[in-house]
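Encoded as structure tokens, the structure appears first; notes follow it.
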Amino acid sequence: MSARGEAVVDPKLANEHVFGTFPLLKKERFWSALDFTWVNTALAIATWAFLVGGSTALLVGFEAGIAAMLIGNAIGLCFMVLASVVASQRWGSEQYTLLRGAFGVVGVGIIVFTVILVTEMGWSSLLAVMAGRATSQVAATFAGTDLGQYGPVVTIGGLVAILIAWWVLSRGPVTIGRFNAIIAPGLAVVTVIMMVFLVVNTSWDALFTASPIAPFDDPTLNFMVAVEFNVGVGVSWYPVMGSLARMTRSRKAAVWPAYGGLLIATLIAQVVGMAAALTLGDSDPTVWMVPFGGAILGAAVLIFIAFANITSMSSIVYSTILAIRQSSGGLLAKVPWKVLTASFFIVPAIMTFFPQFMYEQFMIFVSVSGAFLTAICGVAVADYFVLRKQRVELRELHLGQRGTLYAFAGGINWAGLIALVAGAAFYLWLYNPITLETQAVFSVITASLPAAIVAAVVYLALSAVLYRGRATEVVR
């Protein structure tokens with residue numbers, strides 16, 4: 001063991017470090033702040049960000065929409081960074097290993113194979129469908145015919161995108177990082193091009209006076225639902241960022257690119273999507289890019305956007321597969337990486353046959369998954385910063401049930417799981433995104449912040465009752 005408590009591993013096993021088997025030592029981390037910024041930018045400016053902007057435009061106008069997106073993303077990203085990036089970067093372990101203290105080995109497995117798996121399969125399905133829509137639009141441009149927004153070409157394009165994403169993913173995070181270093185600067189240029197197209201083809205007066213597309217009767221409720229939706233977008237980065245941040249060289253190289261990079265890049269793309277939705281009636285650039293940009297330039301931009309979705313899928317699935325393998329109790333430890341990653345894409349591949357469903361349920365998907373992810377973040381922050389005072393024993397952490405400090409009866413820390421359920425239930429009581437029922441107080445405090453606080457308080461209270469003194473064993 002090193003002085004920092006890191007496991008000293010044979011350099012021949014370095015690839016296993018990258019794939020999550022061991023914690024990464026400082027000398028083995030290869031992403032600078034710039035590298036991690038490119039990764040985050042490529043993640044943020046995929047076409048889903050334009051869809052988020054368009055969804056926000058359903059509820060509020062341009063100025064209120066910018067405020068809702070800024071407030072929501074800032075709050076959501078704050079939860080996410082504190083809950084995942086800080087600890088993973090410091091200790092070199094992926095975030096799901098670090099959650100063993102809060103939920104137990106089996107408890108983490110329960111979360112990974114339910115909340116995390118469903119969430120990341122949903123996002124991967126959406127990215128594949130959007131890549132397919134871009135492919136369909138390009139094909140329609142050169143074929144000179146309308147292939148439909150949800151036609152078979154969308155499914156074929158989505159399946160091809162999944163296949164390419166699997167190939168990139170199978171090469172490991174070094175390859176992912178190299179692709180992102182190319183894609184991210186290009187995406188910034190593409191976004192600027194789209195903004196120019198919008199400005200040239202619309203007027204500022206039309207933009208600032210445009211009414212929301214499908215608002216509720218209560219303006220205050222519209223704004224708060226828009227804020228809450230964007231909080232869910234910010235929190236949705238939780239399943240992937242810790243595992244990516246562990247490969248950065250310093251805390252500054254992890255925290256600031258994770259927060260600032262995602263915030264700025266996401267907002268720019270979302271504003272473009274919102275402006276397009278308010279003035280053109282559709283936020284998806286796969287619909288309006290060719291009419292505005294022309295056949296050649298518009299098609300080139302769409303091809304680039306489709307490939308950006310592919311690299312986003314690769315980054316998302318990388319972290320999720322690490323979590324699945326680490327949480328399987330050794331069951332999947334010997335399954336080859338390529339086979340494991342391919343199996344993840346089965347459900348997203350099936351969902352490409354139902355592209356319209358993915359679009360119509362987008363806001364509900366983001367908000368419901370956000371309810372559970374926010375509660376997880378609340379528990380994780382309370383565990384790491386309050387209960388354990390930012391100290392862990394890595395050897396014991398990786399031993400899990402075979403050790404003593406992080407072993408719980410049945411492998412479950414009931415304080416964590418009960419707190420998670422309590423936080424998510426409180427969120428859905430304050431705001432039910434399926435029925436759209438809200439409590440009066442929701443218009444003042446939203447749902448995510450109270451849910452995270454409830455989860456944290458319940459966790460700390462139950463830990464004091466059920467596991468008194470357990471955390472102090474690692475705070476020396």
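Each chain in the structure tokens gets a letter, A, B and so on, in the order shown; residues start at 1 in every chain, and ligands are counted from 1 in the order they appear.
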
Test item, strand (DSSP E) assignment across segment 222-468 of chain A, answer as number ranges by chain: A: 431-432, 437-438

Test item: residues at most 10 Å from segment 332-340 of chain A, only C-alpha atoms, excluding those fewer than 2 positions along its chain, as a ChimeraX atom specification: /A:19,21,166-167,169-172,321-322,324-330,342-345

Option closest in space to Val105 of chain A, from A:Leu428, A:Leu462, A:Ala422, A:Ala323 [counting only C-alpha atoms]: A:Ala323

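Proximity ranking of A:Gly232, A:Gly107, A:Gly423, A:Gly273 relative to Phe62 of chain A places A:Gly273 first, based on only C-alpha atoms.
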
List every residue of segment 277-346 of chain A that has an atom at most 7 Å from any atom of segment 235-253 of chain A, and for each one report the closest atom pair and its distance in Å to one decimal, counting only C-alpha atoms, with rows sorted by chain and then by increasing residue number, as JSON lines.
{"residue": "A:Ile316", "atom": "CA", "partner": "A:Val240", "partner_atom": "CA", "distance": 5.7}
{"residue": "A:Ser319", "atom": "CA", "partner": "A:Val240", "partner_atom": "CA", "distance": 5.0}
{"residue": "A:Thr320", "atom": "CA", "partner": "A:Val240", "partner_atom": "CA", "distance": 6.7}

Contacts of segment 112-126 of chain A within 6 Å, only C-alpha atoms, excl. fewer than 2 positions in-chain, as a PyMOL selection string: chain A and resi 109-110+128-129+313+348

For Leu394 of chain A, the nearest of the candidates A:Ala295, A:Val317, A:Ala87, A:Val458, counting only C-alpha atoms: A:Ala87

Contacts of Leu127 of chain A within 10 Å, only C-alpha atoms, excl. fewer than 6 positions in-chain, as a PyMOL selection string: chain A and resi 46-48+121+133+158+161-162+306+308-313+348+352+358

Gly61 of chain A surroundings by only C-alpha atoms, 10 Å radius, close-in-sequence under 6 positions cut, as a PyMOL selection string: chain A and resi 207-213+215+222-223+274-275+278

Non-local contacts of Trp414 of chain A (8 Å; only C-alpha atoms; under 3 positions in same chain excluded) as a list in words: Phe103, Leu417 and Ile418 of chain A

Would you write out those residues with all heavy atoms, as a short mmCIF file (atom, residue, chain, number, x, y, z; two decimals), in the first residue's frame?
data_model
loop_
_atom_site.label_atom_id
_atom_site.label_comp_id
_atom_site.auth_asym_id
_atom_site.auth_seq_id
_atom_site.Cartn_x
_atom_site.Cartn_y
_atom_site.Cartn_z
N PHE A 103 -23.83 2.36 0.57
CA PHE A 103 -24.89 1.41 0.23
C PHE A 103 -24.53 -0.05 0.46
O PHE A 103 -25.41 -0.91 0.44
CB PHE A 103 -25.30 1.60 -1.24
CG PHE A 103 -25.91 2.94 -1.54
CD1 PHE A 103 -25.16 3.93 -2.14
CD2 PHE A 103 -27.22 3.22 -1.20
CE1 PHE A 103 -25.71 5.18 -2.42
CE2 PHE A 103 -27.78 4.46 -1.47
CZ PHE A 103 -27.02 5.44 -2.08
N LEU A 417 -29.92 2.77 1.37
CA LEU A 417 -31.04 2.42 0.49
C LEU A 417 -32.35 3.07 0.95
O LEU A 417 -33.14 3.54 0.14
CB LEU A 417 -31.20 0.90 0.42
CG LEU A 417 -30.21 0.16 -0.47
CD1 LEU A 417 -30.58 -1.32 -0.55
CD2 LEU A 417 -30.14 0.76 -1.86
N ILE A 418 -32.59 3.07 2.26
CA ILE A 418 -33.81 3.71 2.77
C ILE A 418 -33.79 5.20 2.48
O ILE A 418 -34.80 5.80 2.09
CB ILE A 418 -33.97 3.44 4.28
CG1 ILE A 418 -34.23 1.95 4.52
CG2 ILE A 418 -35.11 4.27 4.87
CD1 ILE A 418 -34.22 1.55 5.99
#

Straight-line distance linking atom CA of Cys377 of chain A with atom CA of Asn73 of chain A, stated in Å to one decimal: 14.7 Å

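Residues in contact with Ile71 of chain A at 9 Å, where only C-alpha atoms are counted and same-chain residues fewer than 6 positions away are skipped, are listed as A:Val227, A:Asn230, A:Val231.
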
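With only C-alpha atoms as the atoms that count, the minimum distance from Ala409 of chain A to the choices A:Leu297, A:Gly144, A:Val392, A:Gly104 is reached by A:Gly104.
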
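Here atom CA of Ile350 of chain A is placed at a distance of 9.2 Å from atom CA of Thr155 of chain A.
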
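In this model, the gap between atom CA of Leu77 of chain A and atom CA of Val39 of chain A comes to 15.8 Å.
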
Segment 252-405 of chain A: residues DSSP assigns to alpha helix (DSSP H), reported as a VMD selection string: chain A and resid 252 to 256 262 to 280 285 to 293 295 to 326 337 to 344 346 to 351 355 to 360 362 to 381 394 to 399

Selected residue of minimal separation from Asp217 of chain A among A:Val60, A:Leu331, A:Tyr259, A:Arg468, counting only C-alpha atoms: A:Val60

Which of A:Leu420, A:Gln95, A:Phe304, A:Gln401 sits closest to Met80 of chain A [using only C-alpha atoms]: A:Gln95
